[in-house]
$ cat run.csv   # CSV, C-alpha atoms and all ligand atoms
chain,number,residue,atom,x,y,z
A,18,MET,CA,0.0,0.0,0.0
A,19,LYS,CA,1.9,3.1,-1.2
A,20,THR,CA,1.6,5.6,1.5
A,21,VAL,CA,2.1,9.4,1.7
A,22,ILE,CA,2.2,11.1,5.1
A,23,ILE,CA,1.2,14.8,4.8
A,24,GLY,CA,2.6,16.7,7.8
A,25,ALA,CA,5.8,15.1,9.1
A,26,GLY,CA,5.9,16.7,12.6
A,27,ALA,CA,6.3,14.4,15.6
A,28,MET,CA,3.4,12.1,14.9
A,29,GLY,CA,3.8,12.1,11.1
A,30,SER,CA,7.5,11.3,11.4
A,31,LEU,CA,6.7,8.5,13.9
A,32,PHE,CA,4.2,6.9,11.6
A,33,GLY,CA,6.4,7.4,8.5
A,34,GLY,CA,9.4,6.0,10.3
A,35,LEU,CA,7.6,2.9,11.7
A,36,LEU,CA,5.9,2.1,8.3
A,37,THR,CA,9.2,2.5,6.5
A,38,GLU,CA,11.0,0.3,9.0
A,39,ALA,CA,8.3,-2.4,8.4
A,40,GLY,CA,9.2,-2.3,4.6
A,41,ALA,CA,6.3,-0.2,3.3
A,42,ASP,CA,6.7,2.2,0.4
A,43,VAL,CA,6.3,5.6,2.2
A,44,TRP,CA,6.8,9.2,1.4
A,45,MET,CA,6.8,12.0,4.1
A,46,LEU,CA,5.7,15.4,2.8
A,47,ASP,CA,6.3,18.5,4.8
A,48,VAL,CA,6.9,22.3,4.2
A,49,TRP,CA,9.6,22.5,6.8
A,50,LYS,CA,12.8,22.5,4.6
A,51,GLU,CA,15.4,22.1,7.4
A,52,HIS,CA,13.6,19.0,8.8
A,53,VAL,CA,13.1,17.5,5.3
A,54,GLU,CA,16.8,18.1,4.4
A,55,VAL,CA,18.0,16.3,7.6
A,56,LEU,CA,15.5,13.4,6.8
A,57,GLN,CA,16.9,13.1,3.3
A,58,LYS,CA,20.6,13.3,4.2
A,59,GLU,CA,20.7,11.6,7.6
A,60,GLY,CA,17.4,9.7,7.9
A,61,LEU,CA,14.9,9.9,10.8
A,62,SER,CA,16.3,9.5,14.3
A,63,ILE,CA,13.9,7.9,16.7
A,64,GLU,CA,14.6,7.9,20.4
A,65,TRP,CA,12.8,5.1,22.3
A,66,GLU,CA,13.4,4.1,25.9
A,67,GLY,CA,16.9,5.7,26.0
A,68,CYS,CA,18.1,4.1,22.7
A,69,THR,CA,18.3,6.0,19.4
A,70,ARG,CA,17.9,4.3,16.0
A,71,ILE,CA,18.2,5.9,12.5
A,72,ILE,CA,15.7,5.0,9.8
A,73,PRO,CA,16.5,6.0,6.2
A,74,VAL,CA,13.2,7.6,4.9
A,75,ASN,CA,11.8,9.2,1.8
A,76,ALA,CA,11.0,12.8,2.5
A,77,THR,CA,10.2,15.8,0.4
A,78,THR,CA,8.8,19.3,0.3
A,79,ASP,CA,7.7,18.8,-3.3
A,80,MET,CA,4.1,17.4,-3.6
A,81,HIS,CA,4.8,16.1,-7.1
A,82,LYS,CA,7.6,13.8,-5.9
A,83,PRO,CA,5.7,10.9,-4.2
A,84,GLY,CA,3.4,10.1,-7.1
A,85,LYS,CA,0.0,8.5,-6.6
A,86,ALA,CA,-0.8,7.0,-3.2
A,87,ASP,CA,-3.1,4.2,-2.0
A,88,LEU,CA,-3.1,5.6,1.5
A,89,ILE,CA,-2.6,9.2,2.6
A,90,ILE,CA,-2.3,9.9,6.3
A,91,ILE,CA,-2.9,13.5,7.4
A,92,PHE,CA,-1.0,14.8,10.4
A,93,VAL,CA,-0.9,18.6,9.7
A,94,LYS,CA,-2.2,21.0,12.4
A,95,SER,CA,-5.9,21.5,11.9
A,96,LEU,CA,-5.3,25.0,10.6
A,97,HIS,CA,-3.7,23.6,7.5
A,98,THR,CA,-6.3,20.8,6.8
A,99,GLN,CA,-7.8,22.4,3.7
A,100,VAL,CA,-4.3,22.8,2.1
A,101,ALA,CA,-3.5,19.2,3.0
A,102,ALA,CA,-6.9,18.1,1.6
A,103,ASP,CA,-6.2,19.8,-1.8
A,104,THR,CA,-2.7,18.1,-1.9
A,105,ALA,CA,-4.2,14.8,-0.9
A,106,ALA,CA,-6.9,15.1,-3.7
A,107,ALA,CA,-4.1,15.5,-6.3
A,108,LEU,CA,-2.1,12.5,-4.9
A,109,LEU,CA,-4.8,10.0,-4.3
A,110,ALA,CA,-4.9,6.9,-6.5
A,111,GLU,CA,-8.3,5.9,-7.9
A,112,HIS,CA,-9.3,3.5,-5.1
A,113,GLY,CA,-7.1,5.2,-2.5
A,114,VAL,CA,-8.2,6.4,0.9
A,115,ILE,CA,-7.2,9.3,3.2
A,116,LEU,CA,-6.9,8.9,7.0
A,117,THR,CA,-6.9,11.8,9.4
A,118,LEU,CA,-5.4,11.2,12.9
A,119,GLN,CA,-5.3,14.9,13.7
A,120,ASN,CA,-6.5,16.6,16.9
A,121,GLY,CA,-9.7,18.5,16.9
A,122,MET,CA,-13.0,18.3,15.1
A,123,GLY,CA,-13.8,19.3,11.5
A,124,ASN,CA,-10.8,17.8,9.7
A,125,ALA,CA,-12.6,14.7,8.4
A,126,ASP,CA,-15.5,16.8,7.1
A,127,ILE,CA,-13.0,19.1,5.2
A,128,LEU,CA,-11.4,16.0,3.7
A,129,ALA,CA,-14.7,14.4,2.8
A,130,GLU,CA,-15.9,17.6,1.1
A,131,THR,CA,-12.7,17.8,-0.9
A,132,VAL,CA,-12.3,14.2,-2.0
A,133,GLY,CA,-15.6,12.5,-1.3
A,134,GLY,CA,-16.9,10.8,1.8
A,135,ARG,CA,-16.3,7.2,0.8
A,136,GLN,CA,-12.6,7.8,0.7
A,137,VAL,CA,-12.2,9.3,4.1
A,138,LEU,CA,-11.2,7.5,7.3
A,139,ALA,CA,-10.8,9.1,10.7
A,140,GLY,CA,-9.4,8.0,13.9
A,141,THR,CA,-7.4,8.7,17.0
A,142,THR,CA,-4.0,7.6,18.1
A,143,ALA,CA,-2.7,7.5,21.6
A,144,HIS,CA,1.0,7.1,20.6
A,145,GLY,CA,3.1,9.8,22.2
A,146,ALA,CA,5.8,11.6,20.2
A,147,THR,CA,7.9,14.7,20.6
A,148,LEU,CA,9.8,16.6,18.0
A,149,LEU,CA,13.3,17.1,19.4
A,150,GLY,CA,14.7,19.0,16.3
A,151,PRO,CA,15.0,18.6,12.6
A,152,GLY,CA,15.0,14.9,11.7
A,153,CYS,CA,14.7,13.8,15.3
A,154,ILE,CA,11.8,12.6,17.4
A,155,ARG,CA,11.3,10.9,20.7
A,156,HIS,CA,8.7,8.1,20.8
A,157,ALA,CA,7.2,8.7,24.2
A,158,GLY,CA,4.7,5.9,24.5
A,159,LYS,CA,3.1,3.1,22.5
A,160,ALA,CA,-0.7,2.7,22.6
A,161,THR,CA,-3.6,1.8,20.4
A,162,THR,CA,-4.8,3.6,17.3
A,163,CYS,CA,-8.4,3.4,16.4
A,164,ILE,CA,-9.9,4.1,12.9
A,165,GLY,CA,-13.1,3.8,11.0
A,166,MET,CA,-15.0,5.2,7.9
A,167,TRP,CA,-16.0,8.8,8.6
A,168,ARG,CA,-19.2,8.5,6.7
A,169,GLU,CA,-21.4,5.4,6.6
A,170,GLY,CA,-20.7,2.8,4.0
A,171,ASP,CA,-18.4,-0.1,3.2
A,172,SER,CA,-15.9,-0.6,6.1
A,173,HIS,CA,-13.5,-2.8,4.1
A,174,PRO,CA,-11.1,0.1,3.4
A,175,ALA,CA,-10.8,0.9,7.1
A,176,ALA,CA,-10.2,-2.8,7.9
A,177,ARG,CA,-7.5,-3.0,5.2
A,178,VAL,CA,-5.7,0.1,6.6
A,179,ALA,CA,-6.0,-1.2,10.2
A,180,ASP,CA,-4.3,-4.5,9.1
A,181,PHE,CA,-1.6,-2.6,7.2
A,182,LEU,CA,-0.8,-0.3,10.2
A,183,THR,CA,-0.9,-3.2,12.7
A,184,GLN,CA,1.6,-5.2,10.5
A,185,ALA,CA,3.9,-2.2,10.9
A,186,ALA,CA,3.8,-2.4,14.7
A,187,ILE,CA,1.2,0.4,14.9
A,188,GLN,CA,-1.5,-1.6,16.7
A,189,THR,CA,-4.7,-0.4,15.1
A,190,ASP,CA,-8.4,-1.4,15.7
A,191,MET,CA,-11.1,-0.8,13.2
A,192,VAL,CA,-14.5,0.3,14.6
A,193,GLU,CA,-17.8,0.6,12.8
A,194,GLU,CA,-18.6,3.9,14.5
A,195,ILE,CA,-15.6,6.2,14.7
A,196,ARG,CA,-17.5,9.4,15.6
A,197,PRO,CA,-17.9,8.8,19.4
A,198,ILE,CA,-14.2,7.9,19.6
A,199,VAL,CA,-13.1,11.1,17.8
A,200,TRP,CA,-15.4,13.0,20.2
A,201,ASN,CA,-13.9,11.3,23.2
A,202,LYS,CA,-10.4,12.4,22.1
A,203,LEU,CA,-11.8,15.9,21.5
A,204,LEU,CA,-13.1,16.0,25.0
A,205,VAL,CA,-9.6,15.0,26.4
A,206,ASN,CA,-8.0,17.8,24.3
A,207,ILE,CA,-10.7,20.2,25.6
A,208,GLY,CA,-9.9,19.3,29.2
A,209,ILE,CA,-6.1,19.5,28.9
A,210,ASN,CA,-4.8,21.6,26.0
A,211,SER,CA,-5.9,25.2,26.5
A,212,ILE,CA,-5.6,25.2,30.3
A,213,THR,CA,-2.0,23.8,30.2
A,214,ALA,CA,-1.2,26.3,27.4
A,215,LEU,CA,-2.5,29.3,29.3
A,216,THR,CA,-0.9,28.4,32.6
A,217,SER,CA,2.5,27.1,31.3
A,218,ILE,CA,2.2,23.8,33.1
A,219,GLN,CA,2.8,20.2,32.1
A,220,ASN,CA,-0.2,17.9,31.6
A,221,GLY,CA,0.2,16.2,35.0
A,222,GLN,CA,0.3,19.5,36.9
A,223,LEU,CA,-3.3,20.0,35.8
A,224,LEU,CA,-4.2,17.6,38.5
A,225,ASP,CA,-2.2,19.3,41.3
A,226,LEU,CA,-4.8,22.0,42.2
A,227,PRO,CA,-8.5,21.7,42.8
A,228,GLN,CA,-8.9,24.9,40.7
A,229,THR,CA,-7.5,23.5,37.5
A,230,ARG,CA,-9.2,20.1,38.0
A,231,ALA,CA,-12.5,22.0,38.3
A,232,LEU,CA,-11.8,24.1,35.3
A,233,SER,CA,-10.9,21.1,33.2
A,234,ALA,CA,-14.0,19.2,34.4
A,235,ALA,CA,-16.3,22.1,33.6
A,236,ALA,CA,-14.9,22.4,30.0
A,237,VAL,CA,-15.3,18.7,29.4
A,238,ALA,CA,-18.9,18.7,30.9
A,239,GLU,CA,-19.9,21.5,28.6
A,240,ALA,CA,-18.4,19.7,25.5
A,241,ALA,CA,-20.1,16.5,26.5
A,242,ALA,CA,-23.5,18.3,26.6
A,243,VAL,CA,-22.9,19.6,23.1
A,244,ALA,CA,-22.0,16.0,22.0
A,245,GLU,CA,-25.2,14.6,23.5
A,246,ALA,CA,-27.3,17.4,21.9
A,247,GLN,CA,-25.9,16.2,18.5
A,248,GLY,CA,-26.9,12.6,19.3
A,249,ILE,CA,-23.3,11.5,20.0
A,250,HIS,CA,-22.9,9.3,23.1
A,251,VAL,CA,-19.6,10.1,24.6
A,252,ALA,CA,-18.3,8.0,27.5
A,253,THR,CA,-20.0,8.9,30.8
A,254,ASP,CA,-16.6,9.1,32.6
A,255,MET,CA,-14.9,11.5,30.3
A,256,VAL,CA,-13.7,13.7,33.1
A,257,GLU,CA,-12.0,10.7,34.8
A,258,GLN,CA,-10.6,9.6,31.4
A,259,THR,CA,-9.2,13.1,30.8
A,260,PHE,CA,-7.5,13.1,34.2
A,261,ALA,CA,-6.1,9.6,33.5
A,262,ILE,CA,-4.6,10.9,30.3
A,263,ALA,CA,-3.2,14.0,32.0
A,264,LYS,CA,-1.6,11.6,34.5
A,265,SER,CA,-0.3,9.1,31.9
A,266,THR,CA,1.3,12.0,29.9
A,267,ALA,CA,2.2,13.9,33.1
A,268,SER,CA,5.7,15.1,31.9
A,269,ASN,CA,4.4,16.2,28.5
A,270,ARG,CA,3.6,19.7,27.5
A,271,SER,CA,0.3,19.5,25.5
A,272,SER,CA,0.5,20.2,21.8
A,273,MET,CA,-1.2,23.5,22.4
A,274,GLY,CA,1.3,24.3,25.1
A,275,GLN,CA,4.1,23.6,22.7
A,276,ASP,CA,2.5,25.8,20.1
A,277,VAL,CA,2.1,28.7,22.5
A,278,ASP,CA,5.7,28.2,23.8
A,279,ALA,CA,7.0,28.4,20.2
A,280,LEU,CA,4.7,31.4,19.4
A,281,ARG,CA,2.9,29.3,16.8
A,282,PRO,CA,-0.8,29.6,15.9
A,283,THR,CA,-2.7,26.9,17.9
A,284,GLU,CA,-5.5,24.5,17.1
A,285,ILE,CA,-8.0,26.3,19.4
A,286,SER,CA,-10.5,26.8,16.7
A,287,ALA,CA,-10.8,23.0,16.1
A,288,ILE,CA,-10.9,22.2,19.8
A,289,ASN,CA,-12.6,24.5,22.3
A,290,GLY,CA,-13.6,26.9,19.5
A,291,PHE,CA,-15.5,24.1,17.8
A,292,ILE,CA,-17.5,23.6,21.0
A,293,VAL,CA,-18.3,27.3,21.2
A,294,ARG,CA,-19.6,27.4,17.6
A,295,GLU,CA,-21.6,24.2,18.0
A,296,ALA,CA,-23.1,25.3,21.3
A,297,LYS,CA,-24.2,28.6,19.7
A,298,ARG,CA,-25.8,26.7,16.8
A,299,LEU,CA,-27.6,24.4,19.2
A,300,GLY,CA,-28.6,27.2,21.7
A,301,ILE,CA,-26.5,25.8,24.5
A,302,ASP,CA,-24.4,28.1,26.8
A,303,ALA,CA,-20.7,27.2,26.9
A,304,PRO,CA,-19.1,30.0,29.0
A,305,VAL,CA,-16.0,28.0,30.1
A,306,ASN,CA,-15.0,27.0,26.5
A,307,ARG,CA,-15.9,30.5,25.3
A,308,THR,CA,-13.5,32.0,27.9
A,309,LEU,CA,-10.7,29.5,27.2
A,310,THR,CA,-11.0,30.2,23.5
A,311,THR,CA,-11.0,33.9,24.0
A,312,LEU,CA,-7.9,33.8,26.2
A,313,ILE,CA,-5.9,31.6,23.7
A,314,GLU,CA,-7.0,33.8,20.8
A,315,THR,CA,-5.8,36.9,22.8
A,316,LEU,CA,-2.5,35.2,23.6
A,317,GLN,CA,-2.0,34.3,19.9
A,318,ALA,CA,-2.9,37.8,18.7
A,319,HIS,CA,-0.1,39.3,20.9
A,320,TYR,CA,2.7,36.9,20.1
A,401,LIG,O1,-2.7,17.4,22.0
A,401,LIG,C1,-2.0,16.7,22.9
A,401,LIG,O2,-1.1,17.2,23.5
A,401,LIG,C2,-2.4,15.3,23.1
A,401,LIG,O3,-3.5,15.0,22.3
A,401,LIG,C3,-2.7,15.0,24.6
A,401,LIG,C4,-3.5,13.7,24.7
A,401,LIG,C5,-3.5,16.0,25.3
A,401,LIG,C6,-1.4,14.7,25.3
A,401,LIG,O4,-0.6,15.8,25.5

$ encode --input "run.csv" --output "structure tokens"
Amino acid sequence: MKTVIIGAGAMGSLFGGLLTEAGADVWMLDVWKEHVEVLQKEGLSIEWEGCTRIIPVNATTDMHKPGKADLIIIFVKSLHTQVAADTAAALLAEHGVILTLQNGMGNADILAETVGGRQVLAGTTAHGATLLGPGCIRHAGKATTCIGMWREGDSHPAARVADFLTQAAIQTDMVEEIRPIVWNKLLVNIGINSITALTSIQNGQLLDLPQTRALSAAAVAEAAAVAEAQGIHVATDMVEQTFAIAKSTASNRSSMGQDVDALRPTEISAINGFIVREAKRLGIDAPVNRTLTTLIETLQAHY
């Protein structure tokens, strides 16, 4: 299954590296020249449990280089999904599929509107990876990836991709209904990302004070109410799940925290901002998510 990864940040590089290591025909496509040059000249360096290994990979900034792909995996930040979708549309082979494993909500819909719903898979991955510098990542933790067709229909493409990833040591489950799982992950990001970004703390420190625990729980509860109003049944213990993930990723800075630290635009619009827009549409009040969104937007505007 010829594969192109669009967005070779920490997670894109990890998937690209693991698939290449397993013998798959993979290209990593990214706009960051310095990173791509190191990947081309020196290969991808993956640090795992204190050991580092180098994997020779195919990487490029030129979207015409990889040729047609049977599988395209999107890992760009949600701000860039439309650009990635247009690139993916040009690269997708006739019976190919696109998989988004990005944070936030709205990515799969953008892809489906660009290439057609039957070719779009969505999912979540709980692998942890940190970008250490150009060409260099740390694989922080192995965990399950879960994928499914975004819009109803034949689930065989999702099953094929799940097998393909699992054979490359990326343990992947295929589910018939992916939406609740993508929502569950959204709720985790809602409960962790903006609060850690605003307060300069690591994920685990969210649990240290009753104040931040309460803020996180309130943001998650508001988002769960929006999900229910849309007919999506998220897990009933999402606050506990969010706290468990804050604990298991205790020493990580959330992706939004890393964006704010590096003065990069964040994914706020696809995370808490998405809840604010949906709540408004449904006539639900979401003051906690509105405030968190406003504060991150303010921070970004004054970088
Ligand atoms: O966006 C992130 O940082 C991650 O999705 C998570 C799970 C919050 C861990 O840092």

$ residues_around --input "run.csv" --residues "His173 in chain A" --least-positions-apart "2" --cutoff "12 Å" --atoms "all atoms listed in the file" --output "list in words"
His112, Val114, Arg135, Gln136, Leu138, Ile164, Gly165, Met166, Glu169, Gly170, Asp171, Ala175, Ala176, Arg177, Val178, Ala179, Asp180, Met191, Val192 and Glu193 of chain A

$ residues_near_ligand --input "run.csv" --ligand "ligand LIG 401 (chain A)" --cutoff "8 Å" --atoms "only C-alpha atoms and all ligand atoms" --output "PyMOL selection string"
chain A and resi 120+143+145+202+205-206+209-210+220+262-263+266+269-274

$ residues_around --input "run.csv" --residues "Gln222 in chain A" --least-positions-apart "6" --cutoff "10 Å" --atoms "all atoms listed in the file" --output "ChimeraX atom specification"
/A:213,216,229-230,263-264,267-270

$ atom_distance --input "run.csv" --atom1 "CA of Val93 in chain A" --atom2 "CA of Glu66 in chain A"
26.0 Å

$ closest_atom_pairs --input "run.csv" --of "range 117-218 of chain A" --to "range 239-254 of chain A" --cutoff "9 Å" --atoms "only C-alpha atoms" --output "Markdown table"
| residue | atom | partner | partner_atom | distance |
| --- | --- | --- | --- | --- |
| A:Arg196 | CA | A:Ile249 | CA | 7.6 |
| A:Pro197 | CA | A:Val251 | CA | 5.6 |
| A:Ile198 | CA | A:Val251 | CA | 7.7 |
| A:Trp200 | CA | A:Val251 | CA | 6.7 |
| A:Asn201 | CA | A:Val251 | CA | 6.0 |
| A:Leu203 | CA | A:Ala240 | CA | 8.6 |
| A:Leu204 | CA | A:Ala240 | CA | 6.5 |
| A:Ile207 | CA | A:Ala240 | CA | 7.7 |

$ closest_residue --input "run.csv" --among "A:Gln184, A:Thr147, A:Thr77, A:Thr20" --to "Ser62 in chain A" --atoms "only C-alpha atoms"
A:Thr147

$ atom_distance --input "run.csv" --atom1 "CA of Glu38 in chain A" --atom2 "CA of Ala105 in chain A"
23.2 Å

$ closest_atom_pairs --input "run.csv" --of "range 86-150 of chain A" --to "range 289-306 of chain A" --cutoff "10 Å" --atoms "only C-alpha atoms" --output "Markdown table"
| residue | atom | partner | partner_atom | distance |
| --- | --- | --- | --- | --- |
| A:Gly121 | CA | A:Phe291 | CA | 8.1 |
| A:Met122 | CA | A:Phe291 | CA | 6.9 |
| A:Gly123 | CA | A:Phe291 | CA | 8.1 |

$ atom_distance --input "run.csv" --atom1 "CA of Arg168 in chain A" --atom2 "CA of Gly33 in chain A"
25.7 Å

$ closest_residue --input "run.csv" --among "A:Gln258, A:Ser217, A:Thr69, A:Thr308" --to "Ile154 in chain A" --atoms "only C-alpha atoms"
A:Thr69

$ build_atoms --input "run.csv" --residues "range 296-319 of chain A" --atoms "N, CA, C and O atoms" --output "PDB file, in the coordinates of the input"
ATOM      1  N   ALA A 296     -22.151  24.945  20.230  1.00  0.00           N
ATOM      2  CA  ALA A 296     -23.100  25.300  21.300  1.00  0.00           C
ATOM      3  C   ALA A 296     -23.962  26.442  20.888  1.00  0.00           C
ATOM      4  O   ALA A 296     -25.180  26.410  21.109  1.00  0.00           O
ATOM      5  N   LYS A 297     -23.382  27.413  20.219  1.00  0.00           N
ATOM      6  CA  LYS A 297     -24.200  28.600  19.700  1.00  0.00           C
ATOM      7  C   LYS A 297     -25.245  28.102  18.762  1.00  0.00           C
ATOM      8  O   LYS A 297     -26.414  28.486  18.857  1.00  0.00           O
ATOM      9  N   ARG A 298     -24.831  27.235  17.850  1.00  0.00           N
ATOM     10  CA  ARG A 298     -25.800  26.700  16.800  1.00  0.00           C
ATOM     11  C   ARG A 298     -26.928  25.969  17.490  1.00  0.00           C
ATOM     12  O   ARG A 298     -28.069  26.039  17.047  1.00  0.00           O
ATOM     13  N   LEU A 299     -26.628  25.271  18.590  1.00  0.00           N
ATOM     14  CA  LEU A 299     -27.600  24.400  19.200  1.00  0.00           C
ATOM     15  C   LEU A 299     -28.376  25.169  20.365  1.00  0.00           C
ATOM     16  O   LEU A 299     -29.229  24.598  21.046  1.00  0.00           O
ATOM     17  N   GLY A 300     -27.996  26.443  20.604  1.00  0.00           N
ATOM     18  CA  GLY A 300     -28.600  27.200  21.700  1.00  0.00           C
ATOM     19  C   GLY A 300     -28.265  26.784  23.069  1.00  0.00           C
ATOM     20  O   GLY A 300     -29.043  26.898  24.021  1.00  0.00           O
ATOM     21  N   ILE A 301     -27.024  26.275  23.203  1.00  0.00           N
ATOM     22  CA  ILE A 301     -26.500  25.800  24.500  1.00  0.00           C
ATOM     23  C   ILE A 301     -25.491  26.878  24.985  1.00  0.00           C
ATOM     24  O   ILE A 301     -24.749  27.418  24.160  1.00  0.00           O
ATOM     25  N   ASP A 302     -25.429  27.131  26.302  1.00  0.00           N
ATOM     26  CA  ASP A 302     -24.400  28.100  26.800  1.00  0.00           C
ATOM     27  C   ASP A 302     -23.123  27.307  27.077  1.00  0.00           C
ATOM     28  O   ASP A 302     -23.161  26.219  27.655  1.00  0.00           O
ATOM     29  N   ALA A 303     -21.990  27.855  26.661  1.00  0.00           N
ATOM     30  CA  ALA A 303     -20.700  27.200  26.900  1.00  0.00           C
ATOM     31  C   ALA A 303     -19.681  28.215  27.381  1.00  0.00           C
ATOM     32  O   ALA A 303     -18.666  28.454  26.730  1.00  0.00           O
ATOM     33  N   PRO A 304     -19.943  28.837  28.553  1.00  0.00           N
ATOM     34  CA  PRO A 304     -19.100  30.000  29.000  1.00  0.00           C
ATOM     35  C   PRO A 304     -17.636  29.557  29.265  1.00  0.00           C
ATOM     36  O   PRO A 304     -16.734  30.366  29.024  1.00  0.00           O
ATOM     37  N   VAL A 305     -17.404  28.345  29.734  1.00  0.00           N
ATOM     38  CA  VAL A 305     -16.000  28.000  30.100  1.00  0.00           C
ATOM     39  C   VAL A 305     -15.205  27.823  28.770  1.00  0.00           C
ATOM     40  O   VAL A 305     -14.107  28.380  28.650  1.00  0.00           O
ATOM     41  N   ASN A 306     -15.759  27.130  27.785  1.00  0.00           N
ATOM     42  CA  ASN A 306     -15.000  27.000  26.500  1.00  0.00           C
ATOM     43  C   ASN A 306     -14.906  28.315  25.788  1.00  0.00           C
ATOM     44  O   ASN A 306     -13.895  28.573  25.133  1.00  0.00           O
ATOM     45  N   ARG A 307     -15.929  29.169  25.949  1.00  0.00           N
ATOM     46  CA  ARG A 307     -15.900  30.500  25.300  1.00  0.00           C
ATOM     47  C   ARG A 307     -14.693  31.293  25.919  1.00  0.00           C
ATOM     48  O   ARG A 307     -13.918  31.924  25.211  1.00  0.00           O
ATOM     49  N   THR A 308     -14.578  31.238  27.241  1.00  0.00           N
ATOM     50  CA  THR A 308     -13.500  32.000  27.900  1.00  0.00           C
ATOM     51  C   THR A 308     -12.136  31.437  27.552  1.00  0.00           C
ATOM     52  O   THR A 308     -11.214  32.194  27.227  1.00  0.00           O
ATOM     53  N   LEU A 309     -12.005  30.113  27.573  1.00  0.00           N
ATOM     54  CA  LEU A 309     -10.700  29.500  27.200  1.00  0.00           C
ATOM     55  C   LEU A 309     -10.322  29.868  25.790  1.00  0.00           C
ATOM     56  O   LEU A 309      -9.170  30.204  25.503  1.00  0.00           O
ATOM     57  N   THR A 310     -11.304  29.827  24.888  1.00  0.00           N
ATOM     58  CA  THR A 310     -11.000  30.200  23.500  1.00  0.00           C
ATOM     59  C   THR A 310     -10.591  31.619  23.361  1.00  0.00           C
ATOM     60  O   THR A 310      -9.594  31.934  22.699  1.00  0.00           O
ATOM     61  N   THR A 311     -11.316  32.515  24.036  1.00  0.00           N
ATOM     62  CA  THR A 311     -11.000  33.900  24.000  1.00  0.00           C
ATOM     63  C   THR A 311      -9.571  34.194  24.493  1.00  0.00           C
ATOM     64  O   THR A 311      -8.801  34.968  23.915  1.00  0.00           O
ATOM     65  N   LEU A 312      -9.223  33.529  25.588  1.00  0.00           N
ATOM     66  CA  LEU A 312      -7.900  33.800  26.200  1.00  0.00           C
ATOM     67  C   LEU A 312      -6.784  33.278  25.257  1.00  0.00           C
ATOM     68  O   LEU A 312      -5.781  33.969  25.074  1.00  0.00           O
ATOM     69  N   ILE A 313      -6.971  32.102  24.645  1.00  0.00           N
ATOM     70  CA  ILE A 313      -5.900  31.600  23.700  1.00  0.00           C
ATOM     71  C   ILE A 313      -5.860  32.508  22.484  1.00  0.00           C
ATOM     72  O   ILE A 313      -4.772  32.856  22.013  1.00  0.00           O
ATOM     73  N   GLU A 314      -7.022  32.926  21.979  1.00  0.00           N
ATOM     74  CA  GLU A 314      -7.000  33.800  20.800  1.00  0.00           C
ATOM     75  C   GLU A 314      -6.281  35.134  21.143  1.00  0.00           C
ATOM     76  O   GLU A 314      -5.557  35.671  20.312  1.00  0.00           O
ATOM     77  N   THR A 315      -6.499  35.627  22.369  1.00  0.00           N
ATOM     78  CA  THR A 315      -5.800  36.900  22.800  1.00  0.00           C
ATOM     79  C   THR A 315      -4.320  36.651  22.855  1.00  0.00           C
ATOM     80  O   THR A 315      -3.534  37.476  22.355  1.00  0.00           O
ATOM     81  N   LEU A 316      -3.937  35.526  23.442  1.00  0.00           N
ATOM     82  CA  LEU A 316      -2.500  35.200  23.600  1.00  0.00           C
ATOM     83  C   LEU A 316      -1.864  35.175  22.167  1.00  0.00           C
ATOM     84  O   LEU A 316      -0.821  35.778  21.932  1.00  0.00           O
ATOM     85  N   GLN A 317      -2.520  34.473  21.237  1.00  0.00           N
ATOM     86  CA  GLN A 317      -2.000  34.300  19.900  1.00  0.00           C
ATOM     87  C   GLN A 317      -1.879  35.684  19.187  1.00  0.00           C
ATOM     88  O   GLN A 317      -0.919  35.949  18.473  1.00  0.00           O
ATOM     89  N   ALA A 318      -2.880  36.544  19.415  1.00  0.00           N
ATOM     90  CA  ALA A 318      -2.900  37.800  18.700  1.00  0.00           C
ATOM     91  C   ALA A 318      -1.750  38.737  19.194  1.00  0.00           C
ATOM     92  O   ALA A 318      -1.374  39.657  18.489  1.00  0.00           O
ATOM     93  N   HIS A 319      -1.218  38.442  20.391  1.00  0.00           N
ATOM     94  CA  HIS A 319      -0.100  39.300  20.900  1.00  0.00           C
ATOM     95  C   HIS A 319       1.211  38.643  20.962  1.00  0.00           C
ATOM     96  O   HIS A 319       2.095  39.116  21.655  1.00  0.00           O
TER      97      HIS A 319
END
